[in-house]
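To start, the structure itself, in structure tokens.
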Amino acid sequence: MLVLVTGATGFLGRRVVRELEERHHTVRCLVHTPGRERLFPGRTPDIYYGSVTDTEPLAEAAHGVDVVIHLVAIIRQRGRATFESINHLGTANVVAAAKQNGVKHFVHVSANGVTNDINFRYLYSKWQGEQEVINSGLPYTILRPTLMFGPGDEFLNTLAGLARIFPLVPVVGPGRIRYQPIAVEDVARCLALSVDRQDLKGKILDIGGPDQISYNEIVSIVARTLGKKRWRLHVPFWLMHLATLAFQLVQPRPAVTVDQLRMLGIRNVGEPGIVDQTFGFTPRTVEGNIDFVRSVTAADGWKIAMGIMPARIRDH
Ligand SMILES: NC(=O)c1ccc[n+]([C@@H]2O[C@H](COP(=O)([O-])OP(=O)(O)OC[C@H]3O[C@@H](n4cnc5c(N)ncnc54)[C@H](OP(=O)(O)O)[C@@H]3O)[C@@H](O)[C@H]2O)c1
């Protein structure tokens, strides 16, 4: 089975490529930034270069493909790379290329909490992307992961950086909103298992980890993993909003954008047990599986506090 993975070099994509290869699928990768394929040392997946904004390279990449796993999306807008151009219209372009080439299964990664409420701009664009897939006439499966964690993630590594250097870790509001983080490796496994599952065609699945935990609990788990005793500093939303806005104006790549801050204010939970029931394995918990945060140093912490994610931690 020939599987095209878009966003193959990303946080999730590189794990998806590995999972597919382990299951002996032939993998083709759409690579956006030439050179990023270095991530696949010792292996030579079939590489096609291009952007989801350009239809021609997409048509070439989709030629002869059985299944597409579409992962490309941006969480921060920059220049011409907007939520509309990448998350919505980029998905429409990939769908069109898949249709043109008679792809048999379109596996799409959306996000937990997608909404047709235009005020949540990222989640709205992910909803628009989903609509392109659903209305395409292609056999599709949509997975909507909750917050993903793993080496290279932005969320737990940011908390670890702050907990490394400050005795108080800032929390937006009371910190009681619940999340259900899922390990990025487990999402990759679900995707690789979806490829030849006929019974999942036409399904939309909200997948999450085994625990629903609050922001406060996540901060405690990160601090415990670092072996630190940390207090939480509960900051009112309006104040955090102002600070984030100011950061966003001066930082080209802020650690958190206003849009992300607003998303932290909504529940991010999937259907309990859905990964076990659908894919036959239990996803890992946060506690006990985030040793990677221990490698965040104080120097990293200061950079993170300044809104810069060190490339040593997240290389894209
Ligand atoms: N991370 C999470 O917690 C989370 C949670 C729920 C859902 N999701 C969804 O999961 C998917 C993967 O997320 P991720 O965290 O792996 O993202 P990521 O690490 O930012 O990776 C995005 C990938 O897309 C590529 N890309 C960006 N712009 C492109 C363009 N114009 N044309 C072609 N490729 C382009 C990037 O390549 P370059 O780096 O070369 O630009 C990269 O390979 C996304 O659909 C996201 O919405 C993520």
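Convention: chains lettered A, B, ... in structure tokens order; per-chain residue numbering from 1; ligands numbered from 1 as shown.
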Item to check | Within 8 Å of ligand 1 (only C-alpha atoms and all ligand atoms), residues as number ranges by chain | outcome: A: 6-13, 30-34, 36, 50-53, 70-75, 81, 86-87, 90, 108-112, 126, 144-149, 153-155, 184, 316
Emit the selected residues as a PDB file, in the first residue's frame, including C-alpha atoms.
```pdb
ATOM      1  CA  THR A   6       1.722  15.448   4.208  1.00  0.00           C
ATOM      2  CA  GLY A   7       3.442  17.309   7.044  1.00  0.00           C
ATOM      3  CA  ALA A   8       5.786  14.325   7.300  1.00  0.00           C
ATOM      4  CA  THR A   9       8.610  16.267   8.946  1.00  0.00           C
ATOM      5  CA  GLY A  10       6.467  17.710  11.742  1.00  0.00           C
ATOM      6  CA  PHE A  11       6.093  16.718  15.397  1.00  0.00           C
ATOM      7  CA  LEU A  12       3.462  14.114  14.534  1.00  0.00           C
ATOM      8  CA  GLY A  13       4.456  13.413  10.925  1.00  0.00           C
ATOM      9  CA  LEU A  30       5.406  15.650   1.152  1.00  0.00           C
ATOM     10  CA  VAL A  31       8.249  17.854   2.425  1.00  0.00           C
ATOM     11  CA  HIS A  32       7.672  21.580   2.652  1.00  0.00           C
ATOM     12  CA  THR A  33      11.163  22.827   3.519  1.00  0.00           C
ATOM     13  CA  PRO A  34      13.825  21.107   1.392  1.00  0.00           C
ATOM     14  CA  ARG A  36      14.079  18.579   6.400  1.00  0.00           C
ATOM     15  CA  GLY A  50       5.935  21.208  -2.265  1.00  0.00           C
ATOM     16  CA  SER A  51       3.488  23.375  -0.413  1.00  0.00           C
ATOM     17  CA  VAL A  52      -0.181  22.642   0.120  1.00  0.00           C
ATOM     18  CA  THR A  53      -0.807  26.030  -1.451  1.00  0.00           C
ATOM     19  CA  HIS A  70      -3.025  14.690   5.748  1.00  0.00           C
ATOM     20  CA  LEU A  71      -1.309  16.348   8.699  1.00  0.00           C
ATOM     21  CA  VAL A  72      -0.313  19.807   7.480  1.00  0.00           C
ATOM     22  CA  ALA A  73      -1.646  22.677   9.564  1.00  0.00           C
ATOM     23  CA  ILE A  74      -0.254  25.763  11.240  1.00  0.00           C
ATOM     24  CA  ILE A  75      -1.040  26.953  14.747  1.00  0.00           C
ATOM     25  CA  ALA A  81       0.817  31.425   5.708  1.00  0.00           C
ATOM     26  CA  ILE A  86      -2.997  26.435   4.901  1.00  0.00           C
ATOM     27  CA  ASN A  87      -5.545  24.825   7.215  1.00  0.00           C
ATOM     28  CA  GLY A  90      -4.441  23.837   1.723  1.00  0.00           C
ATOM     29  CA  HIS A 108      -7.327  13.497   7.967  1.00  0.00           C
ATOM     30  CA  VAL A 109      -5.964  14.872  11.221  1.00  0.00           C
ATOM     31  CA  SER A 110      -8.166  17.538  12.664  1.00  0.00           C
ATOM     32  CA  ALA A 111      -8.205  18.760  16.266  1.00  0.00           C
ATOM     33  CA  ASN A 112     -10.320  18.234  19.334  1.00  0.00           C
ATOM     34  CA  LYS A 126      -9.613  23.207  11.202  1.00  0.00           C
ATOM     35  CA  ARG A 144      -9.351  14.698  16.197  1.00  0.00           C
ATOM     36  CA  PRO A 145      -6.554  14.387  18.753  1.00  0.00           C
ATOM     37  CA  THR A 146      -6.566  16.301  21.993  1.00  0.00           C
ATOM     38  CA  LEU A 147      -3.406  18.093  23.104  1.00  0.00           C
ATOM     39  CA  MET A 148      -0.401  15.963  22.104  1.00  0.00           C
ATOM     40  CA  PHE A 149       2.677  15.484  24.289  1.00  0.00           C
ATOM     41  CA  ASP A 153       6.128  19.268  22.205  1.00  0.00           C
ATOM     42  CA  GLU A 154       5.452  22.922  22.850  1.00  0.00           C
ATOM     43  CA  PHE A 155       3.104  22.677  25.813  1.00  0.00           C
ATOM     44  CA  VAL A 184       2.174  11.859  20.028  1.00  0.00           C
ATOM     45  CA  HIS A 316      10.733  22.927  13.628  1.00  0.00           C
TER      46      HIS A 316
END
```
Kindly provide the residues of range 157-185 of chain A that approach range 273-296 of chain A to within 8 Å, each paired with its closest atom pair and their distance in Å to one decimal, based on only C-alpha atoms, listed by chain and increasing number, as JSON lines.
```
{"residue": "A:Asn157", "atom": "CA", "partner": "A:Val293", "partner_atom": "CA", "distance": 5.8}
{"residue": "A:Ala160", "atom": "CA", "partner": "A:Val293", "partner_atom": "CA", "distance": 6.0}
{"residue": "A:Gly161", "atom": "CA", "partner": "A:Val296", "partner_atom": "CA", "distance": 6.1}
{"residue": "A:Arg164", "atom": "CA", "partner": "A:Val296", "partner_atom": "CA", "distance": 7.6}
{"residue": "A:Pro181", "atom": "CA", "partner": "A:Val286", "partner_atom": "CA", "distance": 7.1}
{"residue": "A:Ile182", "atom": "CA", "partner": "A:Pro283", "partner_atom": "CA", "distance": 7.0}
{"residue": "A:Ala183", "atom": "CA", "partner": "A:Arg284", "partner_atom": "CA", "distance": 6.5}
```
Those selected residues, please, written with C-alpha atoms and delivered as a JSON list (two decimals), in the first residue's frame.
```json
[["chain", "number", "residue", "atom", "x", "y", "z"],
["A", 157, "ASN", "CA", 8.32, 21.76, 27.43],
["A", 160, "ALA", "CA", 9.01, 22.66, 32.16],
["A", 161, "GLY", "CA", 11.09, 25.68, 31.09],
["A", 164, "ARG", "CA", 12.86, 25.09, 35.85],
["A", 181, "PRO", "CA", -3.38, 14.83, 26.69],
["A", 182, "ILE", "CA", -2.40, 12.02, 24.36],
["A", 183, "ALA", "CA", 1.13, 10.90, 23.55]]
```
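For the pair CA of Ala61 in chain A and CA of Gly152 in chain A, the interatomic distance is 27.4 Å.
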Checklist entry - What are the DSSP helix (DSSP H, G or I) residues of range 68-262 of chain A, as a PyMOL selection string? => result chain A and resi 83-100+121-134+155-165+184-194+198-200+215-226+237-250+258-262
Determine which residues of range 119-278 of chain A DSSP labels as strand (DSSP E) from the backbone of this structure, then write them out as a PDB file with C-alpha atoms, in the first residue's frame.
```pdb
ATOM      1  CA  TYR A 140     -12.380   9.424   4.680  1.00  0.00           C
ATOM      2  CA  THR A 141     -11.508   8.951   8.341  1.00  0.00           C
ATOM      3  CA  ILE A 142     -11.030  11.980  10.560  1.00  0.00           C
ATOM      4  CA  LEU A 143      -9.099  11.765  13.816  1.00  0.00           C
ATOM      5  CA  ARG A 144      -9.351  14.698  16.197  1.00  0.00           C
ATOM      6  CA  PRO A 145      -6.554  14.387  18.753  1.00  0.00           C
ATOM      7  CA  MET A 148      -0.401  15.963  22.104  1.00  0.00           C
ATOM      8  CA  PHE A 149       2.677  15.484  24.289  1.00  0.00           C
ATOM      9  CA  LEU A 168       5.873  30.141  40.609  1.00  0.00           C
ATOM     10  CA  VAL A 169       4.378  28.769  37.395  1.00  0.00           C
ATOM     11  CA  PRO A 170       1.764  31.022  35.780  1.00  0.00           C
ATOM     12  CA  VAL A 171      -1.678  29.475  35.287  1.00  0.00           C
ATOM     13  CA  VAL A 172      -4.477  31.221  33.393  1.00  0.00           C
ATOM     14  CA  ARG A 178      -9.825  19.669  31.945  1.00  0.00           C
ATOM     15  CA  TYR A 179      -7.561  18.299  29.254  1.00  0.00           C
ATOM     16  CA  ILE A 182      -2.403  12.018  24.358  1.00  0.00           C
ATOM     17  CA  ALA A 183       1.133  10.898  23.546  1.00  0.00           C
ATOM     18  CA  LYS A 203     -15.980   8.012  10.938  1.00  0.00           C
ATOM     19  CA  ILE A 204     -14.877  11.024  12.959  1.00  0.00           C
ATOM     20  CA  LEU A 205     -13.093  10.091  16.190  1.00  0.00           C
ATOM     21  CA  ASP A 206     -12.112  12.361  19.087  1.00  0.00           C
ATOM     22  CA  ILE A 207      -9.055  10.594  20.425  1.00  0.00           C
ATOM     23  CA  ILE A 213      -6.638  16.174  34.121  1.00  0.00           C
ATOM     24  CA  SER A 214      -6.744  19.872  34.938  1.00  0.00           C
ATOM     25  CA  TRP A 231       3.633  26.896  43.394  1.00  0.00           C
ATOM     26  CA  ARG A 232       1.103  28.104  40.899  1.00  0.00           C
ATOM     27  CA  LEU A 233       0.521  31.761  40.165  1.00  0.00           C
ATOM     28  CA  HIS A 234      -3.079  32.151  39.052  1.00  0.00           C
ATOM     29  CA  VAL A 235      -3.219  35.069  36.627  1.00  0.00           C
TER      30      VAL A 235
END
```
Next on the checklist: Excluding Gly307 in chain A and its own-chain neighbours fewer than 6 positions away, which residues fall within 10 Å of it when counting only C-alpha atoms? Please give them as a PyMOL selection string.
Outcome noted: chain A and resi 158+244+247-248+250-256+301
Next on the checklist: Need to verify the contact set: Asp54 in chain A, 10 Å, only C-alpha atoms, exclusion of same-chain residues closer than 5 positions in sequence. Can you return it as a list of chain:residue names?
Outcome noted: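 Listing them by chain and then by number gives A:Ala59, A:Gly90, A:Asn93, A:Val94.
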Item to check | Nearest residue to Ile118 in chain A from the set A:Glu217, A:Asp196, A:Asp259, A:Glu185 (distances using only C-alpha atoms) | outcome: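 Smallest separation from Ile118 in chain A among the options: A:Asp259.
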Next on the checklist: Env of range 132-137 of chain A: 9 Å cut, atoms = only C-alpha atoms, seq-sep filter 4 positions within chain, self excluded. Answer as a ChimeraX atom specification.
Outcome noted: /A:88-89,91-92,95-96,99,106,108,127-128,141-142,202
Kindly export the residues of the current selection with C-alpha atoms, as a CSV table (one decimal), in the first residue's frame.
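Written out: out-v1.csv:
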```csv
chain,number,residue,atom,x,y,z
A,88,HIS,CA,-8.6,25.4,5.0
A,89,LEU,CA,-7.6,26.0,1.4
A,91,THR,CA,-6.6,20.9,2.8
A,92,ALA,CA,-9.0,21.6,-0.1
A,95,VAL,CA,-8.3,16.7,-1.2
A,96,ALA,CA,-8.5,17.8,-4.9
A,99,LYS,CA,-9.7,12.9,-5.9
A,106,PHE,CA,-8.2,10.0,3.0
A,108,HIS,CA,-7.3,13.5,8.0
A,127,TRP,CA,-13.4,22.9,11.0
A,128,GLN,CA,-13.3,24.3,7.5
A,141,THR,CA,-11.5,9.0,8.3
A,142,ILE,CA,-11.0,12.0,10.6
A,202,GLY,CA,-16.9,7.8,7.2
```
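Taking CA of Leu245 in chain A and CA of Met263 in chain A as endpoints, the distance between them is 14.6 Å.
Using only C-alpha atoms, the nearest neighbour of Lys303 in chain A within the list A:Leu162, A:Val258, A:Leu191, A:Val3 is A:Leu162.
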Checklist entry - Hey, which of A:Asp186, A:Asp315, A:Asp300, A:Glu19 ends up closest to Leu159 in chain A? Count only C-alpha atoms. => result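 Comparing A:Asp186, A:Asp315, A:Asp300, A:Glu19 against Leu159 in chain A, the winner is A:Asp300.
Straight-line separation from CA of Ile304 in chain A to CA of Arg18 in chain A: 29.0 Å.
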Checklist entry - When distances are computed from only C-alpha atoms, which of A:Met1, A:His25, A:Thr115, A:Arg14 shows the smallest separation from Gly64 in chain A? => result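 The answer is A:Met1, which sits nearest to Gly64 in chain A.
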Item to check | Neighbour list for Ala223 in chain A as a list of chain:residue names, cut-off 8 Å, only C-alpha atoms, skip fewer than 6 positions in-chain | outcome: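 The contact residues come out as A:Ala160, A:Ala163, A:Lys229, A:Arg230.
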Those residues with N, CA and C atoms, as an mmCIF file, in the first residue's frame please?
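Full text of part_28.cif as output:
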```cif
data_model
loop_
_atom_site.group_PDB
_atom_site.id
_atom_site.type_symbol
_atom_site.label_atom_id
_atom_site.label_comp_id
_atom_site.auth_asym_id
_atom_site.auth_seq_id
_atom_site.Cartn_x
_atom_site.Cartn_y
_atom_site.Cartn_z
ATOM 1 N N ALA A 160 7.776 23.128 31.521
ATOM 2 C CA ALA A 160 9.012 22.661 32.163
ATOM 3 C C ALA A 160 10.043 23.780 32.214
ATOM 4 N N ALA A 163 8.940 26.122 34.927
ATOM 5 C CA ALA A 163 9.095 25.494 36.252
ATOM 6 C C ALA A 163 10.576 25.336 36.609
ATOM 7 N N LYS A 229 9.679 21.551 43.708
ATOM 8 C CA LYS A 229 8.449 21.941 44.393
ATOM 9 C C LYS A 229 8.070 23.303 43.824
ATOM 10 N N ARG A 230 6.946 23.393 43.182
ATOM 11 C CA ARG A 230 6.555 24.655 42.554
ATOM 12 C C ARG A 230 5.152 25.066 42.972
#
```
